[in-house]
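Contents: one structure, followed by commentary.
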Amino acid sequence: NVSCATTSGCRCEDDELQCLNEDTGVTECFAREWYSDCPGACSSGLELCPVISFRSGMPHREETCVEPVAGSCPVLCDNTSAQKCPGAGNQEFCIDFLDSCPKTCAEGEQLCSVENMDIHGRVLVTSMLCVPAADPCPCGQNAWSCGEFCAPASDGCPGTCEAGKVCLPVSYTVEGMYQPNASVVAGCIDASQSCQCGQNAQMCMWTDSKGQERAECRASAVECPMTCSGKLCNLADYRLNGMVKGSRELCLVHDGECPCGENAIQCRAGQETYCLPRWDAESQRLSECPLECGDDEQRCCVPSFGATGEFLRTEEICVPKGQPCSCGAGGFECNYT
């Protein structure tokens, strides 16, 4: 709430504390949500410091008089709803009692993410571990160290071939999801031979946009990447309700802009274009491209109000630079001097 001050100071609301500023001799207002007493109301040697608590996951602050530590307020956490956590540089902070303090490592250590797996290579649990900064991160249970990474012990590390090539026959589910527990140990074959794929997989061979020849095992449920001598476009198709229907590739013989997929509209951001679903599933209305103003224009957000002053909507418009933004329906301009 905003009101004009009187000669004696501010006029406080019911949810505010009315406190006298001894230096100026006028009253000031402080929110009761944040202050349990007026600042400066502590006895000699004590200081008014914040106490952090949590309600429904949201932090709240109250004030209490305590003895300062090294000239400043200590970190105070309400012991019924919050807990104190150590931070970087010997700093402390409060978090919800239901949460866990984040893992922190001492100086000269690094934080490692360690994955423990079952005998089939499925990740069971991931834990955080501090190790000396000069040491490599360890591997978890049922995992092998492959130099720069950890691999399931059931798969082993990919091999190296001096005169051939390495093949990793990955497998997929019928629906096309990667199936790591069905992977076969990588092997080395002659360079003239073709790699064999695993279950529900197919060998895809194509030339990418950089002209490099590629050969990978992809899921049989999807089409192999397209070899395109022109411009390759990745299109997203949408259903009438705005949900993704699928994706596909389109090869343009000319160097033009990629079109949009089914039930999509094209928007522009500077020199770039992008696509949005024609129907916005979240707002349940037709999608609109964000407003783009010219170099000699500025963007204005114009609010509109109803007959009783209730907010209706905000409309974005472009106006010439230097021209003030106008008000919408039910509004009028206020000049502060």
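For the structure tokens, the naming scheme is as follows: chains receive sequential letters (A, B, ...) according to their order of presentation, residues are indexed from 1 within each chain, and ligands are indexed from 1 in presentation order.
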
Find the residues around Leu240 in chain A up to 12 Å (only C-alpha atoms counted), leave out those fewer than 6 positions away in its own chain, and share them as an MDAnalysis selection string.
-> chainID A and resid 262:264 277:281 284:287

Take the selection from the previous step and output its residues with N, CA and C atoms, as a PDB file, in the first residue's frame.
ATOM      1  N   GLU A 262       3.437 -30.224 -40.171  1.00  0.00           N
ATOM      2  CA  GLU A 262       1.980 -30.186 -40.150  1.00  0.00           C
ATOM      3  C   GLU A 262       1.472 -29.442 -38.915  1.00  0.00           C
ATOM      4  N   ASN A 263       0.423 -28.648 -39.112  1.00  0.00           N
ATOM      5  CA  ASN A 263      -0.245 -27.921 -38.028  1.00  0.00           C
ATOM      6  C   ASN A 263       0.736 -27.064 -37.230  1.00  0.00           C
ATOM      7  N   ALA A 264       1.627 -26.376 -37.941  1.00  0.00           N
ATOM      8  CA  ALA A 264       2.614 -25.507 -37.307  1.00  0.00           C
ATOM      9  C   ALA A 264       2.650 -24.168 -38.029  1.00  0.00           C
ATOM     10  N   PRO A 277       3.643 -24.912 -32.694  1.00  0.00           N
ATOM     11  CA  PRO A 277       2.384 -25.600 -33.011  1.00  0.00           C
ATOM     12  C   PRO A 277       1.266 -24.582 -33.220  1.00  0.00           C
ATOM     13  N   ARG A 278       0.401 -24.845 -34.182  1.00  0.00           N
ATOM     14  CA  ARG A 278      -0.672 -23.888 -34.482  1.00  0.00           C
ATOM     15  C   ARG A 278      -1.604 -23.709 -33.286  1.00  0.00           C
ATOM     16  N   TRP A 279      -1.778 -24.775 -32.500  1.00  0.00           N
ATOM     17  CA  TRP A 279      -2.633 -24.712 -31.311  1.00  0.00           C
ATOM     18  C   TRP A 279      -1.764 -24.890 -30.079  1.00  0.00           C
ATOM     19  N   ASP A 280      -1.848 -23.942 -29.131  1.00  0.00           N
ATOM     20  CA  ASP A 280      -1.073 -24.009 -27.898  1.00  0.00           C
ATOM     21  C   ASP A 280      -1.810 -24.896 -26.902  1.00  0.00           C
ATOM     22  N   ALA A 281      -1.258 -26.087 -26.634  1.00  0.00           N
ATOM     23  CA  ALA A 281      -1.931 -27.045 -25.759  1.00  0.00           C
ATOM     24  C   ALA A 281      -1.999 -26.554 -24.320  1.00  0.00           C
ATOM     25  N   GLN A 284      -4.532 -23.475 -24.415  1.00  0.00           N
ATOM     26  CA  GLN A 284      -5.767 -23.877 -25.099  1.00  0.00           C
ATOM     27  C   GLN A 284      -6.307 -22.764 -25.997  1.00  0.00           C
ATOM     28  N   ARG A 285      -5.415 -22.221 -26.819  1.00  0.00           N
ATOM     29  CA  ARG A 285      -5.820 -21.231 -27.810  1.00  0.00           C
ATOM     30  C   ARG A 285      -4.796 -21.237 -28.940  1.00  0.00           C
ATOM     31  N   LEU A 286      -5.134 -20.540 -30.034  1.00  0.00           N
ATOM     32  CA  LEU A 286      -4.235 -20.495 -31.173  1.00  0.00           C
ATOM     33  C   LEU A 286      -2.920 -19.814 -30.794  1.00  0.00           C
ATOM     34  N   SER A 287      -1.825 -20.357 -31.292  1.00  0.00           N
ATOM     35  CA  SER A 287      -0.513 -19.785 -30.998  1.00  0.00           C
ATOM     36  C   SER A 287      -0.320 -18.483 -31.763  1.00  0.00           C
TER      37      SER A 287
END

Excluding same-chain residues fewer than 3 positions from range 102-105 of chain A, what lies within 8 Å of it counting only C-alpha atoms, as a PyMOL selection string?
-> chain A and resi 85-88+109-111+128+130

Excluding Asp237 in chain A and residues on its chain fewer than 6 positions from it, collect all residues at most 12 Å away from it, counting only C-alpha atoms, and give them as a PDB file with N, CA and C atoms, in the first residue's frame.
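Output contents, as saved in out.pdb:
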ATOM      1  N   MET A 243      -0.239 -31.318 -29.647  1.00  0.00           N
ATOM      2  CA  MET A 243       0.739 -32.300 -29.188  1.00  0.00           C
ATOM      3  C   MET A 243       1.591 -32.772 -30.366  1.00  0.00           C
ATOM      4  N   VAL A 244       2.829 -33.176 -30.052  1.00  0.00           N
ATOM      5  CA  VAL A 244       3.756 -33.605 -31.101  1.00  0.00           C
ATOM      6  C   VAL A 244       3.270 -34.909 -31.723  1.00  0.00           C
ATOM      7  N   LYS A 245       3.202 -34.924 -33.033  1.00  0.00           N
ATOM      8  CA  LYS A 245       2.797 -36.118 -33.774  1.00  0.00           C
ATOM      9  C   LYS A 245       4.010 -36.944 -34.177  1.00  0.00           C
ATOM     10  N   GLY A 246       5.091 -36.271 -34.524  1.00  0.00           N
ATOM     11  CA  GLY A 246       6.307 -36.958 -34.933  1.00  0.00           C
ATOM     12  C   GLY A 246       7.267 -35.981 -35.589  1.00  0.00           C
ATOM     13  N   SER A 247       8.386 -36.493 -36.057  1.00  0.00           N
ATOM     14  CA  SER A 247       9.384 -35.666 -36.736  1.00  0.00           C
ATOM     15  C   SER A 247       9.815 -36.365 -38.019  1.00  0.00           C
ATOM     16  N   ARG A 248      10.300 -35.574 -38.965  1.00  0.00           N
ATOM     17  CA  ARG A 248      10.753 -36.126 -40.240  1.00  0.00           C
ATOM     18  C   ARG A 248      11.785 -35.188 -40.850  1.00  0.00           C
ATOM     19  N   GLU A 249      12.485 -35.704 -41.832  1.00  0.00           N
ATOM     20  CA  GLU A 249      13.500 -34.920 -42.524  1.00  0.00           C
ATOM     21  C   GLU A 249      13.018 -34.565 -43.920  1.00  0.00           C
ATOM     22  N   PRO A 259      10.676 -25.168 -44.252  1.00  0.00           N
ATOM     23  CA  PRO A 259       9.265 -24.951 -43.916  1.00  0.00           C
ATOM     24  C   PRO A 259       8.946 -25.545 -42.549  1.00  0.00           C
ATOM     25  N   CYS A 260       7.727 -25.335 -42.107  1.00  0.00           N
ATOM     26  CA  CYS A 260       7.259 -25.938 -40.863  1.00  0.00           C
ATOM     27  C   CYS A 260       6.499 -27.222 -41.175  1.00  0.00           C
ATOM     28  N   GLY A 261       6.356 -28.057 -40.169  1.00  0.00           N
ATOM     29  CA  GLY A 261       5.647 -29.311 -40.342  1.00  0.00           C
ATOM     30  C   GLY A 261       4.139 -29.121 -40.304  1.00  0.00           C
ATOM     31  N   GLU A 262       3.437 -30.224 -40.171  1.00  0.00           N
ATOM     32  CA  GLU A 262       1.980 -30.186 -40.150  1.00  0.00           C
ATOM     33  C   GLU A 262       1.472 -29.442 -38.915  1.00  0.00           C
ATOM     34  N   ASN A 263       0.423 -28.648 -39.112  1.00  0.00           N
ATOM     35  CA  ASN A 263      -0.245 -27.921 -38.028  1.00  0.00           C
ATOM     36  C   ASN A 263       0.736 -27.064 -37.230  1.00  0.00           C
ATOM     37  N   ALA A 264       1.627 -26.376 -37.941  1.00  0.00           N
ATOM     38  CA  ALA A 264       2.614 -25.507 -37.307  1.00  0.00           C
ATOM     39  C   ALA A 264       2.650 -24.168 -38.029  1.00  0.00           C
ATOM     40  N   ILE A 265       3.063 -23.128 -37.323  1.00  0.00           N
ATOM     41  CA  ILE A 265       3.209 -21.798 -37.906  1.00  0.00           C
ATOM     42  C   ILE A 265       4.671 -21.378 -37.810  1.00  0.00           C
ATOM     43  N   CYS A 275       9.518 -22.600 -35.696  1.00  0.00           N
ATOM     44  CA  CYS A 275       8.138 -23.054 -35.833  1.00  0.00           C
ATOM     45  C   CYS A 275       7.502 -23.288 -34.464  1.00  0.00           C
ATOM     46  N   LEU A 276       6.200 -23.023 -34.394  1.00  0.00           N
ATOM     47  CA  LEU A 276       5.401 -23.279 -33.203  1.00  0.00           C
ATOM     48  C   LEU A 276       4.171 -24.088 -33.600  1.00  0.00           C
ATOM     49  N   PRO A 277       3.643 -24.912 -32.694  1.00  0.00           N
ATOM     50  CA  PRO A 277       2.384 -25.600 -33.011  1.00  0.00           C
ATOM     51  C   PRO A 277       1.266 -24.582 -33.220  1.00  0.00           C
ATOM     52  N   ARG A 278       0.401 -24.845 -34.182  1.00  0.00           N
ATOM     53  CA  ARG A 278      -0.672 -23.888 -34.482  1.00  0.00           C
ATOM     54  C   ARG A 278      -1.604 -23.709 -33.286  1.00  0.00           C
TER      55      ARG A 278
END

Selection: 9 Å around Gly330 in chain A, only C-alpha atoms, excl. self and same-chain fewer than 2 positions, as a compact mmCIF listing (two decimals) with C-alpha atoms, in the first residue's frame:
# COMPACT_ATOMS: atom_id res chain seq x y z
CA PRO A 303 -2.72 -3.03 -20.15
CA SER A 304 -6.52 -2.90 -20.39
CA PHE A 305 -9.02 -2.73 -17.53
CA GLY A 306 -12.72 -3.39 -17.05
CA ALA A 307 -15.43 -0.96 -15.98
CA THR A 308 -14.78 -1.67 -12.28
CA GLY A 309 -10.99 -1.45 -12.60
CA CYS A 327 -2.82 3.13 -22.20
CA GLY A 328 -5.42 0.54 -23.14
CA PHE A 332 -5.33 6.56 -18.11

Work out how far apart CA of Cys65 in chain A and CA of Gln83 in chain A are and give it in Å to one decimal.
->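 Between CA of Cys65 in chain A and CA of Gln83 in chain A the gap works out to 19.6 Å.
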
Residue nearest Ala221 in chain A among A:Ser53, A:Thr126, A:Gln193, A:Thr173 (counting only C-alpha atoms) |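 Selected residue with least distance to Ala221 in chain A: A:Thr173.
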